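Asker: Structure in structure tokens, see below.
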Amino acid sequence: MTSFSDTNRQFPDRARVATYLPKNESVISFPHDRTALLVIDPVNDFLSEGGADWEMTKNTVRMNDVVGNLKRVIDGARDRGIAVLFGPMAYTEEDYADQQLHRRSGINRYMFEKRMFLAGSWGADFHPELQPREGDTVLLPHKSIDVFETDLPDHLERMGITHLVISGMTANLCCESTGRHAMEKGFDVTFLSDAIGASNIPAYEASIRVNYPLIANAVITVEEFLAAADASGAGSVGVQTGDTVRGSDHGEIGTVERIVGATEETEAYLLVPRGMIFKTDTYVPLDAVVRRAGTEVFINIPKLFVGEMPWGEPPSRADRRAKYGSRDAEVDKLYGSRSPSIRERTSEDGE
């Protein structure tokens with residue numbers, strides 16, 4: 001019987017290789033030449049009074065000053081040499097009459113009935129304060145809620161991007177779907193909480209507080225992103241004693257009391273002493289730290305989950321090896337009872 005590992009070796013093109021693209025990078029911030037700011041749907045239908053969806057989006061757009069913060073982060077990225085990509089939507093008669101996109105999903109029906117993002121219209125055009133400039137990249141229009149289904153992957157590969165920073169509209173649809181897809185493809189994903197809006201506050205809060213912290217490595221503000229980018233450019237991104245530790249949901253965990261390097265027995269870690277929230281000392285593995293902005297460091301686990309982590313003592317090397325699991329060649333049956341079903345190679349597949 002063919003084992004799981006034998007199948008991987010026999011059909012390498014059919015074995016999905018999951019990875020983390022910045023795995024060989026040593027920085028814990030935003031390398032300017034490998035970071036891209038993606039601005040999703042910064043258009044009049046969402047962001048301008050009179051836009052087709054303005055009555056729905058205006059509360060979160062005003063609450064977060066989305067237009068002002070988008071302008072700030074776009075200008076800040078340009079000033080720092082960070083790539084800026086615009087990901088708009090646009091629909092033509094062919095999309096509806098020929099492709100029947102209005103029958104594909106609830107959100108497609110909603111956009112169709114409200115005549116949103118019609119190609120060439122004022123509503124589909126960029127907000128007057130958020131116009132692309134020479135040197136920016138304007139992507140082909142997405143036709144639903146995932147900007148990865150455009151030429152975005154081609155541009156990211158061409159630019160050598162490993163870190164994707166997501167902003168724009170809307171939190172629980174296009175921003176979230178694109179962030180999920182980017183994470184699955186190995187990108188280091190960050191969401192900018194005050195440069196994102198939604199059709200209502202519950203949708204925004206669910207994305208920012210619940211979903212993004214698990215999809216991405218961090219949910220931070222525009223100010224924190226720019227501060228982290230500045231630190232990266234200056235080459236000063238190491239964790240310092242006294243830094244405030246925050247989770248990927250931006251929740252405060254505590255203060256770094258000590259930074260301990262790796263030994264033969266233990267991995268490198270941060271000691272965060274017990275406090276009002278956590279009743280015991282917390283030993284955070286150093287490789288859980290993904291960002292440093294000013295005097296704040298972010299780890300890629302939500303504060304809500306920190307108490308569930310086995311971080312009550314210094315992380316041992318033996319425990320880390322156990323967390324890796326078995327090597328591919330040592331796995332006989334992936335699911336215990338059987339391995340994944342893969343079509344047998346035929347003569348048409350070639351040798």
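FYI, nothing fancy with the structure tokens labels: chains A, B, ... in order, residues from 1 per chain, ligands from 1 as they appear.
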Which residues are near Val290 in chain A? Cut-off 6 Å, only C-alpha atoms, ignore same chain within fewer than 5 positions. Put them as a list in words.
Answerer: Ile28, Phe298 and Ile299 of chain A
Asker: Could the residues in this selection be saved with C-alpha atoms as a tab-separated table (two decimals), in the first residue's frame?
Answerer:
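Listed below is the output, part_24.tsv:
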chain	number	residue	atom	x	y	z
A	28	ILE	CA	10.58	41.62	13.21
A	298	PHE	CA	3.38	42.31	19.15
A	299	ILE	CA	3.19	38.53	19.36
Asker: I need the residues in range 167-306 of chain A that are strand (DSSP E or B) according to DSSP; give them as a PyMOL selection string.
Answerer: chain A and resi 167-169+188-197+218-220+244-246+252-255+258-260+266+269-272+282-285+289-293+296-299
Asker: Would you put the residues from that selection into a file with N, CA and C atoms, as a short mmCIF file (atom, residue, chain, number, x, y, z; two decimals), in the first residue's frame?
Answerer:
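Contents of out_16.cif, as written:
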data_model
loop_
_atom_site.label_atom_id
_atom_site.label_comp_id
_atom_site.auth_asym_id
_atom_site.auth_seq_id
_atom_site.Cartn_x
_atom_site.Cartn_y
_atom_site.Cartn_z
N SER A 167 -5.53 47.40 4.06
CA SER A 167 -6.37 48.51 4.49
C SER A 167 -7.52 48.66 3.50
N GLY A 168 -8.50 49.50 3.85
CA GLY A 168 -9.57 49.80 2.89
C GLY A 168 -10.93 49.28 3.30
N MET A 169 -11.68 48.79 2.33
CA MET A 169 -13.08 48.42 2.52
C MET A 169 -13.36 47.03 1.91
N ASP A 188 3.22 37.34 5.20
CA ASP A 188 3.08 37.89 6.54
C ASP A 188 2.03 39.00 6.44
N VAL A 189 0.86 38.80 7.05
CA VAL A 189 -0.28 39.70 6.87
C VAL A 189 -0.50 40.56 8.11
N THR A 190 -0.72 41.85 7.86
CA THR A 190 -1.05 42.81 8.91
C THR A 190 -2.29 43.58 8.47
N PHE A 191 -3.22 43.80 9.39
CA PHE A 191 -4.39 44.63 9.12
C PHE A 191 -4.25 45.95 9.88
N LEU A 192 -4.63 47.05 9.23
CA LEU A 192 -4.58 48.37 9.85
C LEU A 192 -5.97 48.72 10.37
N SER A 193 -6.17 48.64 11.68
CA SER A 193 -7.50 48.72 12.26
C SER A 193 -8.20 50.05 12.04
N ASP A 194 -7.44 51.16 11.99
CA ASP A 194 -8.08 52.47 11.83
C ASP A 194 -8.07 52.96 10.39
N ALA A 195 -7.68 52.11 9.47
CA ALA A 195 -7.75 52.45 8.05
C ALA A 195 -8.64 51.45 7.31
N ILE A 196 -9.60 50.89 8.05
CA ILE A 196 -10.54 49.91 7.51
C ILE A 196 -11.94 50.28 8.00
N GLY A 197 -12.91 50.17 7.12
CA GLY A 197 -14.30 50.42 7.48
C GLY A 197 -15.16 49.23 7.09
N ALA A 218 -0.69 40.44 13.03
CA ALA A 218 -0.95 41.58 13.90
C ALA A 218 -2.08 42.44 13.35
N VAL A 219 -2.80 43.06 14.27
CA VAL A 219 -3.79 44.09 13.95
C VAL A 219 -3.30 45.35 14.65
N ILE A 220 -2.86 46.34 13.88
CA ILE A 220 -2.24 47.53 14.44
C ILE A 220 -2.82 48.78 13.80
N THR A 244 6.26 47.14 26.03
CA THR A 244 4.92 46.62 26.28
C THR A 244 4.62 45.51 25.28
N VAL A 245 4.15 44.37 25.79
CA VAL A 245 3.83 43.23 24.94
C VAL A 245 2.33 43.23 24.66
N ARG A 246 1.98 43.17 23.38
CA ARG A 246 0.58 43.10 22.97
C ARG A 246 0.35 41.86 22.13
N GLU A 252 -3.23 44.23 25.61
CA GLU A 252 -1.99 44.36 26.37
C GLU A 252 -1.79 43.14 27.27
N ILE A 253 -0.61 42.54 27.20
CA ILE A 253 -0.28 41.34 27.95
C ILE A 253 0.59 41.66 29.16
N GLY A 254 1.52 42.58 29.01
CA GLY A 254 2.40 42.94 30.12
C GLY A 254 3.64 43.64 29.62
N THR A 255 4.66 43.67 30.45
CA THR A 255 5.90 44.38 30.16
C THR A 255 7.07 43.41 30.16
N ARG A 258 12.65 40.64 31.19
CA ARG A 258 13.95 40.08 30.86
C ARG A 258 13.88 39.41 29.49
N ILE A 259 14.97 39.49 28.75
CA ILE A 259 15.11 38.80 27.46
C ILE A 259 16.21 37.76 27.63
N VAL A 260 15.89 36.51 27.42
CA VAL A 260 16.82 35.41 27.68
C VAL A 260 17.17 34.72 26.37
N THR A 266 17.14 25.40 26.48
CA THR A 266 15.94 26.22 26.27
C THR A 266 16.05 27.07 25.01
N TYR A 269 13.54 33.44 24.93
CA TYR A 269 12.20 33.84 25.35
C TYR A 269 12.22 35.21 26.02
N LEU A 270 11.01 35.77 26.17
CA LEU A 270 10.79 36.99 26.93
C LEU A 270 10.10 36.62 28.24
N LEU A 271 10.54 37.20 29.33
CA LEU A 271 9.85 37.00 30.59
C LEU A 271 8.92 38.18 30.84
N VAL A 272 7.62 37.89 30.91
CA VAL A 272 6.61 38.89 31.23
C VAL A 272 6.06 38.52 32.61
N THR A 282 4.83 34.76 32.55
CA THR A 282 4.63 34.24 31.20
C THR A 282 5.96 34.26 30.46
N TYR A 283 6.33 33.09 29.92
CA TYR A 283 7.58 32.94 29.19
C TYR A 283 7.23 32.85 27.70
N VAL A 284 7.34 33.96 27.02
CA VAL A 284 6.91 34.05 25.62
C VAL A 284 8.08 33.67 24.70
N PRO A 285 7.93 32.64 23.87
CA PRO A 285 9.02 32.30 22.92
C PRO A 285 9.37 33.52 22.07
N VAL A 289 7.35 36.81 18.62
CA VAL A 289 7.35 38.26 18.40
C VAL A 289 7.46 38.55 16.91
N VAL A 290 6.50 39.29 16.37
CA VAL A 290 6.48 39.56 14.93
C VAL A 290 6.59 41.04 14.58
N ARG A 291 6.40 41.93 15.56
CA ARG A 291 6.43 43.36 15.28
C ARG A 291 7.04 44.10 16.47
N ARG A 292 7.69 45.20 16.16
CA ARG A 292 8.04 46.17 17.20
C ARG A 292 7.75 47.55 16.65
N ALA A 293 6.90 48.30 17.36
CA ALA A 293 6.55 49.66 16.95
C ALA A 293 6.76 50.57 18.14
N GLU A 296 6.44 49.16 21.78
CA GLU A 296 5.46 48.07 21.85
C GLU A 296 5.91 46.92 20.95
N VAL A 297 5.77 45.71 21.47
CA VAL A 297 6.06 44.53 20.65
C VAL A 297 4.78 43.70 20.57
N PHE A 298 4.58 43.09 19.41
CA PHE A 298 3.38 42.31 19.15
C PHE A 298 3.75 40.85 18.94
N ILE A 299 2.99 39.97 19.58
CA ILE A 299 3.19 38.53 19.36
C ILE A 299 2.02 38.00 18.54
#
Asker: Using only C-alpha atoms, can you tell me which of A:Leu21, A:Tyr96, A:Ser105, A:Val222 comes closest to Asp65 in chain A?
Answerer: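 Smallest distance to Asp65 in chain A is found for A:Val222.
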Asker: Pick from A:Asp136, A:Asn217, A:Asp98, A:Thr280: nearest to His155 in chain A, with only C-alpha atoms counted?
Answerer: A:Asp136
Asker: Find the distance between CA of Ala97 in chain A and CA of Ser48 in chain A and write it in Å to one decimal.
Answerer: 28.1 Å
Asker: Nearest residue to Lys303 in chain A out of A:Arg320, A:His127, A:Arg209, A:Arg34, using only C-alpha atoms?
Answerer: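 Residue with the minimum atom-to-atom distance to Lys303 in chain A: A:Arg209.
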Asker: Quick one: of A:Arg103, A:Arg274, A:Lys333, A:Arg180, who's nearest to Asp146 in chain A, counting only C-alpha atoms?
Answerer: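 Smallest distance to Asp146 in chain A is found for A:Arg180.
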Asker: Could you work out how far CA of Asn108 in chain A lies from CA of Thr150 in chain A, giving the answer in Å with one decimal?
Answerer: 16.7 Å
Asker: As a ChimeraX atom specification, please: all residues of range 17-78 of chain A that backbone DSSP puts in helix (DSSP H, G or I).
Answerer: /A:21-24,32-34,44-47,54-64,66-78
Asker: Counting only C-alpha atoms, which of A:Met56, A:Ile40, A:Ala216, A:Met183 gets nearest to Ser144 in chain A?
Answerer: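 Between A:Met56, A:Ile40, A:Ala216, A:Met183, the residue approaching Ser144 in chain A most closely is A:Ile40.
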Asker: Would you mind reading off the distance between CA of Cys174 in chain A and CA of Phe225 in chain A, one decimal, in Å?
Answerer: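 Those two atoms sit 20.6 Å apart.
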